[in-house]
Amino acid sequence: MTWIRNPQVSAMLLLGAAILGLVIANTGLGPGLDALKQAHLPFTVLGLDLSAAHWVTDGLLVVFFFVVAIELRYEFTQGDLSSVSKAAVPTIAALGGVAVPAILYFNLAGADGAQGWPIPTATDIAFALGLLALVGKRLPSNVRALLLALAVIDDLIGILFIAVFFTESLSLGHLALAAVGVVGFWLLGRAYRTRRGSWPLRILLLVVGLITWWLVASSGIHATIAGVALGLVLSPAPAESAREKLEPFSNGIVLPLFAFTSASVAIPQVPISELSPVFWAIVIALPVGKLVGITAAGLLGQAALRVPRLERVRFTELIGISLLGGIGFTVSLLMNELAHRTAEELIVEGTLGVLTGSLIAAVLGAIYLTVLNRRYPPVETAAIRALNAEEQLHRTDGV
């Protein structure tokens, strides 16, 4: 199933699922779908009584965050963020891309929606990288590297927001036991490395992981944090094995199902001028806030850190990255639900705002990068030129 790992395929599945959910929710099937989302199992699972929609956001979505955490660990230990010098510019750009949208939202949303300020701070890794792969094949490799690093740091910030700002009540007992579970998971991961991944260890890892998830869900912290903690502590060998097995499931089922569930809201039957400030705040903050924040902070970071001119991401390339950064989608939809969980009407308008703002950013980003992409030579041509230059250099040295 290598095709499901393709970022372009993942992005298309996400978009298709969101469109399908939105369309169905606004047909005669809408009320039935809403009832299904709110349905509860006839029994509790270890004391957890969740609706079908919450089993998706609090259960299945943990798999996505687990895979994201594995990628985070890799980037911070071996990848594009493995040193202070490598991480500095993406971190500055990401902070700019978080601060400006949050400030814009806070000033536009009004008092009723102020608690949703983290919503437009997120960047969807899968969607942004998928779109870049589709329309920016000729762009320099450092453009993709910066977008990936920026989105990874952005997700880390989003995870911290979820843990800190969206925790209503906290059970220290459950949280302490969850910490023990994380330590046990780490120890089992180390044993996996020395025993070549025996089946009993794999089963133990699964059991400890599920128990830790239950403890985190019962502690009052959002359950996705369990996936993050477990993914960050897992040793490289079992982590790579888990990512290899779970990525198709995450890309092909978890994310599309979450997108379908979150996007399946009925569009309010009111004139567009009567939509709430929350809707407009997100629609503006995602594309505009990210564009201004990432571009300005990226330029400032490269200048302040005196990045060599040949290694810098150009202003024109930064604009493209910033536009793609405005595709909030997955994490923005999750934070919208968490921020407005006591106000159903704000969840609906916030969802529409995330979808609209992300769509604007995606369309503008795709058009802009398609035009920019044409200014660069085809990848094959660039490779041939590099080889010819190398051969010419060897001949010169021989003479």
# chains A, B, ... in the order shown; residues from 1 in each chain; ligands from 1
$ residues_around --residues "Val152 of chain A" --least-positions-apart "2" --cutoff "10 Å" --atoms "only C-alpha atoms" --output "list in words"
Val68, Ala69, Glu71, Leu72, Glu75, Phe76, Leu81, Pro90, Thr91, Ala94, Thr123, Asp124, Ile125, Leu146, Leu147, Leu148, Ala149, Leu150, Asp154, Asp155, Leu156, Ile157 and Gly158 of chain A
$ residues_around --residues "Ser250 of chain A" --least-positions-apart "6" --cutoff "12 Å" --atoms "only C-alpha atoms" --output "count of residues only"
23
$ closest_residue --among "A:Pro377, A:Gly350, A:Pro248, A:Gly365" --to "Asn6 of chain A" --atoms "only C-alpha atoms"
A:Pro248
$ residues_around --residues "Lys290 of chain A" --least-positions-apart "2" --cutoff "6 Å" --atoms "only C-alpha atoms" --output "PDB file with C-alpha atoms, in the first residue's frame"
ATOM      1  CA  GLY A  97       2.889  32.033  11.827  1.00  0.00           C
ATOM      2  CA  LEU A 286      -5.717  31.592   8.426  1.00  0.00           C
ATOM      3  CA  PRO A 287      -4.646  32.818   4.966  1.00  0.00           C
ATOM      4  CA  VAL A 288      -3.745  36.430   5.805  1.00  0.00           C
ATOM      5  CA  VAL A 292       2.137  37.899   6.976  1.00  0.00           C
ATOM      6  CA  GLY A 293       3.457  36.039  10.016  1.00  0.00           C
ATOM      7  CA  ILE A 294       5.514  33.329   8.301  1.00  0.00           C
ATOM      8  CA  SER A 322       3.288  31.027   3.911  1.00  0.00           C
ATOM      9  CA  GLY A 326      -2.631  28.837   5.975  1.00  0.00           C
TER      10      GLY A 326
END
$ residues_around --residues "Tyr105 of chain A" --least-positions-apart "6" --cutoff "8 Å" --atoms "only C-alpha atoms" --output "ChimeraX atom specification"
/A:114,117,120,278,281-282,284-285
$ write_last_selection --atoms "all heavy atoms" --output "short mmCIF file (atom, residue, chain, number, x, y, z; two decimals), in the first residue's frame"
data_model
loop_
_atom_site.label_atom_id
_atom_site.label_comp_id
_atom_site.auth_asym_id
_atom_site.auth_seq_id
_atom_site.Cartn_x
_atom_site.Cartn_y
_atom_site.Cartn_z
N ALA A 114 -13.63 34.62 21.73
CA ALA A 114 -12.22 34.88 22.04
C ALA A 114 -11.46 33.62 22.43
O ALA A 114 -10.26 33.50 22.17
CB ALA A 114 -12.12 35.92 23.16
N TRP A 117 -8.95 31.52 19.95
CA TRP A 117 -7.79 32.14 19.30
C TRP A 117 -6.74 31.13 18.80
O TRP A 117 -6.05 31.42 17.82
CB TRP A 117 -7.12 33.15 20.25
CG TRP A 117 -6.56 32.55 21.50
CD1 TRP A 117 -7.17 32.45 22.71
CD2 TRP A 117 -5.27 31.98 21.67
NE1 TRP A 117 -6.37 31.84 23.62
CE2 TRP A 117 -5.17 31.55 23.01
CE3 TRP A 117 -4.18 31.79 20.82
CZ2 TRP A 117 -4.04 30.92 23.53
CZ3 TRP A 117 -3.04 31.16 21.33
CH2 TRP A 117 -2.97 30.74 22.66
N PRO A 120 -6.72 29.34 14.33
CA PRO A 120 -6.03 29.62 13.06
C PRO A 120 -4.51 29.52 13.15
O PRO A 120 -3.81 29.91 12.22
CB PRO A 120 -6.46 31.05 12.74
CG PRO A 120 -6.65 31.68 14.08
CD PRO A 120 -7.17 30.59 14.97
N VAL A 278 -16.78 34.92 14.57
CA VAL A 278 -15.88 33.76 14.64
C VAL A 278 -15.56 33.24 13.24
O VAL A 278 -14.40 32.95 12.92
CB VAL A 278 -16.50 32.63 15.51
CG1 VAL A 278 -15.72 31.32 15.34
CG2 VAL A 278 -16.52 33.04 16.97
N ALA A 281 -13.32 35.78 11.50
CA ALA A 281 -12.00 35.84 12.12
C ALA A 281 -11.11 34.71 11.63
O ALA A 281 -9.92 34.91 11.33
CB ALA A 281 -12.14 35.78 13.65
N ILE A 282 -11.67 33.51 11.53
CA ILE A 282 -10.88 32.36 11.05
C ILE A 282 -10.58 32.49 9.57
O ILE A 282 -9.45 32.22 9.12
CB ILE A 282 -11.64 31.04 11.34
CG1 ILE A 282 -11.82 30.85 12.83
CG2 ILE A 282 -10.87 29.85 10.75
CD1 ILE A 282 -12.69 29.66 13.20
N ILE A 284 -10.17 35.08 7.80
CA ILE A 284 -9.13 36.09 7.57
C ILE A 284 -7.80 35.66 8.20
O ILE A 284 -6.73 35.78 7.59
CB ILE A 284 -9.57 37.46 8.11
CG1 ILE A 284 -10.78 37.97 7.30
CG2 ILE A 284 -8.43 38.47 8.05
CD1 ILE A 284 -11.43 39.20 7.88
N ALA A 285 -7.86 35.15 9.42
CA ALA A 285 -6.63 34.85 10.17
C ALA A 285 -5.82 33.73 9.55
O ALA A 285 -4.57 33.77 9.58
CB ALA A 285 -6.97 34.52 11.62
#
$ closest_atom_pairs --of "segment 137-187 of chain A" --to "segment 199-211 of chain A" --cutoff "10 Å" --atoms "only C-alpha atoms" --output "tab-separated table"
residue	atom	partner	partner_atom	distance
A:Leu177	CA	A:Ile211	CA	9.5
A:Ala178	CA	A:Ile211	CA	7.9
A:Val180	CA	A:Val208	CA	9.9
A:Gly181	CA	A:Val208	CA	6.3
A:Val182	CA	A:Gly209	CA	7.8
A:Val183	CA	A:Val208	CA	9.9
A:Gly184	CA	A:Val208	CA	7.3
A:Phe185	CA	A:Leu205	CA	6.2
A:Trp186	CA	A:Leu205	CA	9.1
A:Leu187	CA	A:Leu205	CA	9.6
$ atom_distance --atom1 "atom CA of Phe279 of chain A" --atom2 "atom CA of Glu349 of chain A"
5.3 Å
$ closest_residue --among "A:Leu364, A:Leu300, A:Ala52, A:Ala163" --to "Ile327 of chain A" --atoms "only C-alpha atoms"
A:Leu364
$ atom_distance --atom1 "atom CA of Pro236 of chain A" --atom2 "atom CA of Leu95 of chain A"
28.1 Å
$ residues_around --residues "Gly30 of chain A" --least-positions-apart "2" --cutoff "12 Å" --atoms "only C-alpha atoms" --output "list of chain:residue names"
A:Leu20, A:Gly21, A:Leu22, A:Val23, A:Ile24, A:Ala25, A:Asn26, A:Thr27, A:Gly28, A:Gly32, A:Leu33, A:Asp34, A:Ala35, A:Leu36, A:Lys37, A:Thr261, A:Ala263, A:Ser264, A:Val265, A:Ala266, A:Ile267
$ write_last_selection --atoms "all heavy atoms" --output "compact mmCIF listing (two decimals), in the first residue's frame"
# COMPACT_ATOMS: atom_id res chain seq x y z
N LEU A 20 -17.36 15.48 1.04
CA LEU A 20 -18.45 14.52 1.16
C LEU A 20 -19.24 14.74 2.44
O LEU A 20 -20.48 14.73 2.43
CB LEU A 20 -17.88 13.09 1.13
CG LEU A 20 -18.90 11.95 1.20
CD1 LEU A 20 -19.81 11.99 -0.02
CD2 LEU A 20 -18.19 10.60 1.30
N GLY A 21 -18.55 14.96 3.55
CA GLY A 21 -19.24 15.21 4.82
C GLY A 21 -20.08 16.46 4.77
O GLY A 21 -21.23 16.47 5.25
N LEU A 22 -19.55 17.53 4.18
CA LEU A 22 -20.28 18.79 4.10
C LEU A 22 -21.50 18.66 3.21
O LEU A 22 -22.59 19.17 3.54
CB LEU A 22 -19.34 19.88 3.56
CG LEU A 22 -19.86 21.32 3.57
CD1 LEU A 22 -20.14 21.77 4.99
CD2 LEU A 22 -18.86 22.25 2.90
N VAL A 23 -21.35 17.94 2.10
CA VAL A 23 -22.48 17.76 1.16
C VAL A 23 -23.59 16.94 1.81
O VAL A 23 -24.77 17.32 1.78
CB VAL A 23 -22.00 17.09 -0.14
CG1 VAL A 23 -23.19 16.65 -0.98
CG2 VAL A 23 -21.10 18.04 -0.93
N ILE A 24 -23.23 15.80 2.42
CA ILE A 24 -24.24 14.94 3.03
C ILE A 24 -24.97 15.67 4.16
O ILE A 24 -26.19 15.54 4.32
CB ILE A 24 -23.59 13.64 3.55
CG1 ILE A 24 -23.12 12.78 2.37
CG2 ILE A 24 -24.57 12.85 4.42
CD1 ILE A 24 -22.42 11.50 2.78
N ALA A 25 -24.24 16.44 4.95
CA ALA A 25 -24.84 17.15 6.08
C ALA A 25 -25.87 18.16 5.63
O ALA A 25 -26.74 18.55 6.42
CB ALA A 25 -23.76 17.82 6.90
N ASN A 26 -25.79 18.60 4.37
CA ASN A 26 -26.72 19.61 3.87
C ASN A 26 -27.74 19.04 2.88
O ASN A 26 -28.29 19.76 2.06
CB ASN A 26 -25.93 20.75 3.24
CG ASN A 26 -25.20 21.60 4.27
OD1 ASN A 26 -25.78 22.49 4.88
ND2 ASN A 26 -23.94 21.28 4.51
N THR A 27 -27.96 17.74 2.98
CA THR A 27 -29.01 17.07 2.22
C THR A 27 -30.02 16.47 3.20
O THR A 27 -29.91 16.67 4.42
CB THR A 27 -28.44 15.94 1.34
OG1 THR A 27 -27.89 14.92 2.19
CG2 THR A 27 -27.33 16.47 0.43
N GLY A 28 -30.97 15.73 2.69
CA GLY A 28 -31.95 15.08 3.55
C GLY A 28 -31.34 14.04 4.48
O GLY A 28 -31.96 13.65 5.48
N GLY A 32 -29.95 12.38 9.89
CA GLY A 32 -29.56 11.01 10.24
C GLY A 32 -28.08 10.90 10.55
O GLY A 32 -27.67 10.20 11.49
N LEU A 33 -27.26 11.60 9.75
CA LEU A 33 -25.82 11.58 9.99
C LEU A 33 -25.49 12.24 11.32
O LEU A 33 -24.65 11.74 12.08
CB LEU A 33 -25.09 12.33 8.86
CG LEU A 33 -23.57 12.47 8.99
CD1 LEU A 33 -22.90 11.11 9.08
CD2 LEU A 33 -23.01 13.27 7.82
N ASP A 34 -26.18 13.34 11.65
CA ASP A 34 -25.94 14.01 12.91
C ASP A 34 -26.32 13.11 14.09
O ASP A 34 -25.62 13.06 15.11
CB ASP A 34 -26.73 15.32 12.97
CG ASP A 34 -26.34 16.17 14.16
OD1 ASP A 34 -25.15 16.53 14.27
OD2 ASP A 34 -27.22 16.46 15.00
N ALA A 35 -27.44 12.40 13.94
CA ALA A 35 -27.86 11.47 15.00
C ALA A 35 -26.83 10.36 15.17
O ALA A 35 -26.55 9.94 16.30
CB ALA A 35 -29.23 10.89 14.66
N LEU A 36 -26.28 9.88 14.07
CA LEU A 36 -25.26 8.83 14.15
C LEU A 36 -24.02 9.34 14.86
O LEU A 36 -23.42 8.63 15.68
CB LEU A 36 -24.91 8.36 12.73
CG LEU A 36 -23.83 7.26 12.62
CD1 LEU A 36 -24.27 6.00 13.33
CD2 LEU A 36 -23.52 6.97 11.16
N LYS A 37 -23.62 10.57 14.57
CA LYS A 37 -22.43 11.15 15.22
C LYS A 37 -22.64 11.30 16.73
O LYS A 37 -21.69 11.15 17.51
CB LYS A 37 -22.12 12.52 14.61
CG LYS A 37 -21.51 12.45 13.22
CD LYS A 37 -21.55 13.79 12.53
CE LYS A 37 -20.88 14.88 13.33
NZ LYS A 37 -20.92 16.19 12.62
N THR A 261 -16.18 13.54 9.54
CA THR A 261 -16.97 13.78 10.76
C THR A 261 -16.99 15.26 11.13
O THR A 261 -18.04 15.82 11.44
CB THR A 261 -16.40 12.96 11.93
OG1 THR A 261 -16.37 11.58 11.58
CG2 THR A 261 -17.24 13.14 13.18
N ALA A 263 -16.29 17.92 9.23
CA ALA A 263 -16.83 18.82 8.20
C ALA A 263 -18.32 18.64 7.95
O ALA A 263 -18.92 19.45 7.26
CB ALA A 263 -16.07 18.61 6.89
N SER A 264 -18.91 17.60 8.52
CA SER A 264 -20.33 17.32 8.26
C SER A 264 -21.22 18.20 9.14
O SER A 264 -21.82 17.75 10.11
CB SER A 264 -20.64 15.84 8.49
OG SER A 264 -20.27 15.45 9.80
N VAL A 265 -21.27 19.48 8.81
CA VAL A 265 -22.10 20.44 9.54
C VAL A 265 -23.07 21.10 8.56
O VAL A 265 -22.75 21.28 7.38
CB VAL A 265 -21.24 21.52 10.23
CG1 VAL A 265 -20.34 20.90 11.28
CG2 VAL A 265 -20.41 22.30 9.22
N ALA A 266 -24.23 21.44 9.07
CA ALA A 266 -25.24 22.09 8.23
C ALA A 266 -24.89 23.58 8.09
O ALA A 266 -24.67 24.26 9.09
CB ALA A 266 -26.62 21.94 8.85
N ILE A 267 -24.83 24.05 6.86
CA ILE A 267 -24.53 25.46 6.61
C ILE A 267 -25.71 26.31 7.07
O ILE A 267 -26.86 26.06 6.67
CB ILE A 267 -24.26 25.71 5.12
CG1 ILE A 267 -23.04 24.89 4.67
CG2 ILE A 267 -24.03 27.19 4.84
CD1 ILE A 267 -22.77 24.95 3.19
$ closest_residue --among "A:Ser141, A:Ser169, A:Thr356, A:Asn251" --to "Met12 of chain A" --atoms "only C-alpha atoms"
A:Asn251
$ residues_around --residues "Glu311 of chain A" --least-positions-apart "5" --cutoff "12 Å" --atoms "only C-alpha atoms" --output "list in words"
Lys86, Val89, Pro140, Ser141, Asn142, Val143, Ala145, Leu146, Gln302, Ala303, Leu305 and Arg306 of chain A
$ select_by_dssp --residues "segment 245-294 of chain A" --states "helix (DSSP H, G or I)" --output "ChimeraX atom specification"
/A:245-263,272-274,277-294
$ atom_distance --atom1 "atom CA of Ala361 of chain A" --atom2 "atom CA of Ala133 of chain A"
15.8 Å
$ residues_around --residues "Ser218 of chain A" --least-positions-apart "3" --cutoff "8 Å" --atoms "only C-alpha atoms" --output "ChimeraX atom specification"
/A:48,171,174,214-215,221
$ decode --residues "segment 13-45 of chain A" --atoms "N, CA, C and O atoms" --output "mmCIF file, in the first residue's frame"
data_model
loop_
_atom_site.group_PDB
_atom_site.id
_atom_site.type_symbol
_atom_site.label_atom_id
_atom_site.label_comp_id
_atom_site.auth_asym_id
_atom_site.auth_seq_id
_atom_site.Cartn_x
_atom_site.Cartn_y
_atom_site.Cartn_z
ATOM 1 N N LEU A 13 -7.472 12.587 -0.356
ATOM 2 C CA LEU A 13 -8.416 11.842 0.485
ATOM 3 C C LEU A 13 -9.020 12.744 1.554
ATOM 4 O O LEU A 13 -10.225 12.687 1.831
ATOM 5 N N LEU A 14 -8.187 13.573 2.154
ATOM 6 C CA LEU A 14 -8.667 14.515 3.164
ATOM 7 C C LEU A 14 -9.705 15.467 2.578
ATOM 8 O O LEU A 14 -10.786 15.659 3.142
ATOM 9 N N LEU A 15 -9.372 16.050 1.447
ATOM 10 C CA LEU A 15 -10.266 17.010 0.809
ATOM 11 C C LEU A 15 -11.567 16.344 0.389
ATOM 12 O O LEU A 15 -12.657 16.875 0.626
ATOM 13 N N GLY A 16 -11.455 15.165 -0.225
ATOM 14 C CA GLY A 16 -12.652 14.449 -0.675
ATOM 15 C C GLY A 16 -13.569 14.093 0.482
ATOM 16 O O GLY A 16 -14.802 14.227 0.383
ATOM 17 N N ALA A 17 -12.989 13.643 1.604
ATOM 18 C CA ALA A 17 -13.798 13.261 2.763
ATOM 19 C C ALA A 17 -14.500 14.473 3.360
ATOM 20 O O ALA A 17 -15.680 14.398 3.749
ATOM 21 N N ALA A 18 -13.794 15.606 3.420
ATOM 22 C CA ALA A 18 -14.398 16.820 3.971
ATOM 23 C C ALA A 18 -15.554 17.304 3.096
ATOM 24 O O ALA A 18 -16.621 17.678 3.605
ATOM 25 N N ILE A 19 -15.348 17.287 1.784
ATOM 26 C CA ILE A 19 -16.407 17.718 0.862
ATOM 27 C C ILE A 19 -17.617 16.788 0.982
ATOM 28 O O ILE A 19 -18.766 17.243 1.032
ATOM 29 N N LEU A 20 -17.358 15.478 1.039
ATOM 30 C CA LEU A 20 -18.450 14.516 1.160
ATOM 31 C C LEU A 20 -19.241 14.739 2.439
ATOM 32 O O LEU A 20 -20.482 14.728 2.430
ATOM 33 N N GLY A 21 -18.551 14.959 3.550
ATOM 34 C CA GLY A 21 -19.238 15.206 4.816
ATOM 35 C C GLY A 21 -20.079 16.458 4.770
ATOM 36 O O GLY A 21 -21.228 16.469 5.247
ATOM 37 N N LEU A 22 -19.546 17.531 4.184
ATOM 38 C CA LEU A 22 -20.278 18.793 4.100
ATOM 39 C C LEU A 22 -21.505 18.658 3.208
ATOM 40 O O LEU A 22 -22.589 19.170 3.539
ATOM 41 N N VAL A 23 -21.355 17.945 2.095
ATOM 42 C CA VAL A 23 -22.480 17.763 1.164
ATOM 43 C C VAL A 23 -23.592 16.944 1.810
ATOM 44 O O VAL A 23 -24.773 17.320 1.782
ATOM 45 N N ILE A 24 -23.234 15.804 2.417
ATOM 46 C CA ILE A 24 -24.242 14.935 3.034
ATOM 47 C C ILE A 24 -24.969 15.669 4.158
ATOM 48 O O ILE A 24 -26.189 15.539 4.321
ATOM 49 N N ALA A 25 -24.236 16.437 4.952
ATOM 50 C CA ALA A 25 -24.840 17.146 6.079
ATOM 51 C C ALA A 25 -25.872 18.162 5.628
ATOM 52 O O ALA A 25 -26.743 18.554 6.420
ATOM 53 N N ASN A 26 -25.794 18.599 4.375
ATOM 54 C CA ASN A 26 -26.724 19.611 3.869
ATOM 55 C C ASN A 26 -27.736 19.037 2.885
ATOM 56 O O ASN A 26 -28.295 19.762 2.056
ATOM 57 N N THR A 27 -27.959 17.736 2.980
ATOM 58 C CA THR A 27 -29.015 17.071 2.218
ATOM 59 C C THR A 27 -30.020 16.473 3.202
ATOM 60 O O THR A 27 -29.906 16.669 4.416
ATOM 61 N N GLY A 28 -30.967 15.730 2.687
ATOM 62 C CA GLY A 28 -31.950 15.077 3.548
ATOM 63 C C GLY A 28 -31.337 14.045 4.477
ATOM 64 O O GLY A 28 -31.956 13.645 5.476
ATOM 65 N N LEU A 29 -30.115 13.607 4.178
ATOM 66 C CA LEU A 29 -29.436 12.625 5.037
ATOM 67 C C LEU A 29 -28.763 13.277 6.237
ATOM 68 O O LEU A 29 -28.271 12.580 7.136
ATOM 69 N N GLY A 30 -28.736 14.613 6.253
ATOM 70 C CA GLY A 30 -28.034 15.337 7.307
ATOM 71 C C GLY A 30 -28.480 14.997 8.725
ATOM 72 O O GLY A 30 -27.641 14.688 9.581
ATOM 73 N N PRO A 31 -29.791 15.056 9.010
ATOM 74 C CA PRO A 31 -30.238 14.750 10.375
ATOM 75 C C PRO A 31 -29.860 13.335 10.819
ATOM 76 O O PRO A 31 -29.477 13.118 11.973
ATOM 77 N N GLY A 32 -29.945 12.376 9.893
ATOM 78 C CA GLY A 32 -29.563 11.006 10.238
ATOM 79 C C GLY A 32 -28.081 10.898 10.546
ATOM 80 O O GLY A 32 -27.672 10.199 11.485
ATOM 81 N N LEU A 33 -27.259 11.601 9.750
ATOM 82 C CA LEU A 33 -25.816 11.584 9.990
ATOM 83 C C LEU A 33 -25.488 12.236 11.325
ATOM 84 O O LEU A 33 -24.651 11.741 12.085
ATOM 85 N N ASP A 34 -26.184 13.337 11.645
ATOM 86 C CA ASP A 34 -25.935 14.007 12.914
ATOM 87 C C ASP A 34 -26.324 13.113 14.089
ATOM 88 O O ASP A 34 -25.615 13.062 15.106
ATOM 89 N N ALA A 35 -27.436 12.399 13.935
ATOM 90 C CA ALA A 35 -27.857 11.474 14.995
ATOM 91 C C ALA A 35 -26.833 10.360 15.170
ATOM 92 O O ALA A 35 -26.551 9.939 16.302
ATOM 93 N N LEU A 36 -26.283 9.876 14.071
ATOM 94 C CA LEU A 36 -25.262 8.830 14.145
ATOM 95 C C LEU A 36 -24.016 9.341 14.858
ATOM 96 O O LEU A 36 -23.417 8.633 15.676
ATOM 97 N N LYS A 37 -23.621 10.571 14.571
ATOM 98 C CA LYS A 37 -22.432 11.146 15.223
ATOM 99 C C LYS A 37 -22.640 11.296 16.726
ATOM 100 O O LYS A 37 -21.686 11.146 17.508
ATOM 101 N N GLN A 38 -23.878 11.586 17.132
ATOM 102 C CA GLN A 38 -24.151 11.791 18.559
ATOM 103 C C GLN A 38 -24.498 10.504 19.296
ATOM 104 O O GLN A 38 -24.639 10.510 20.530
ATOM 105 N N ALA A 39 -24.620 9.399 18.554
ATOM 106 C CA ALA A 39 -25.021 8.124 19.169
ATOM 107 C C ALA A 39 -23.952 7.603 20.116
ATOM 108 O O ALA A 39 -22.752 7.765 19.883
ATOM 109 N N HIS A 40 -24.384 6.960 21.199
ATOM 110 C CA HIS A 40 -23.477 6.365 22.172
ATOM 111 C C HIS A 40 -23.635 4.852 22.154
ATOM 112 O O HIS A 40 -24.708 4.318 21.818
ATOM 113 N N LEU A 41 -22.594 4.158 22.519
ATOM 114 C CA LEU A 41 -22.677 2.705 22.642
ATOM 115 C C LEU A 41 -23.614 2.356 23.793
ATOM 116 O O LEU A 41 -23.756 3.133 24.748
ATOM 117 N N PRO A 42 -24.268 1.179 23.741
ATOM 118 C CA PRO A 42 -25.179 0.790 24.829
ATOM 119 C C PRO A 42 -24.444 0.445 26.126
ATOM 120 O O PRO A 42 -25.068 0.127 27.132
ATOM 121 N N PHE A 43 -23.135 0.499 26.103
ATOM 122 C CA PHE A 43 -22.335 0.200 27.304
ATOM 123 C C PHE A 43 -21.119 1.124 27.321
ATOM 124 O O PHE A 43 -20.746 1.697 26.304
ATOM 125 N N THR A 44 -20.534 1.292 28.492
ATOM 126 C CA THR A 44 -19.329 2.113 28.606
ATOM 127 C C THR A 44 -18.093 1.239 28.410
ATOM 128 O O THR A 44 -18.133 0.031 28.650
ATOM 129 N N VAL A 45 -17.017 1.850 27.970
ATOM 130 C CA VAL A 45 -15.744 1.146 27.788
ATOM 131 C C VAL A 45 -14.778 1.647 28.854
ATOM 132 O O VAL A 45 -14.267 2.772 28.772
#
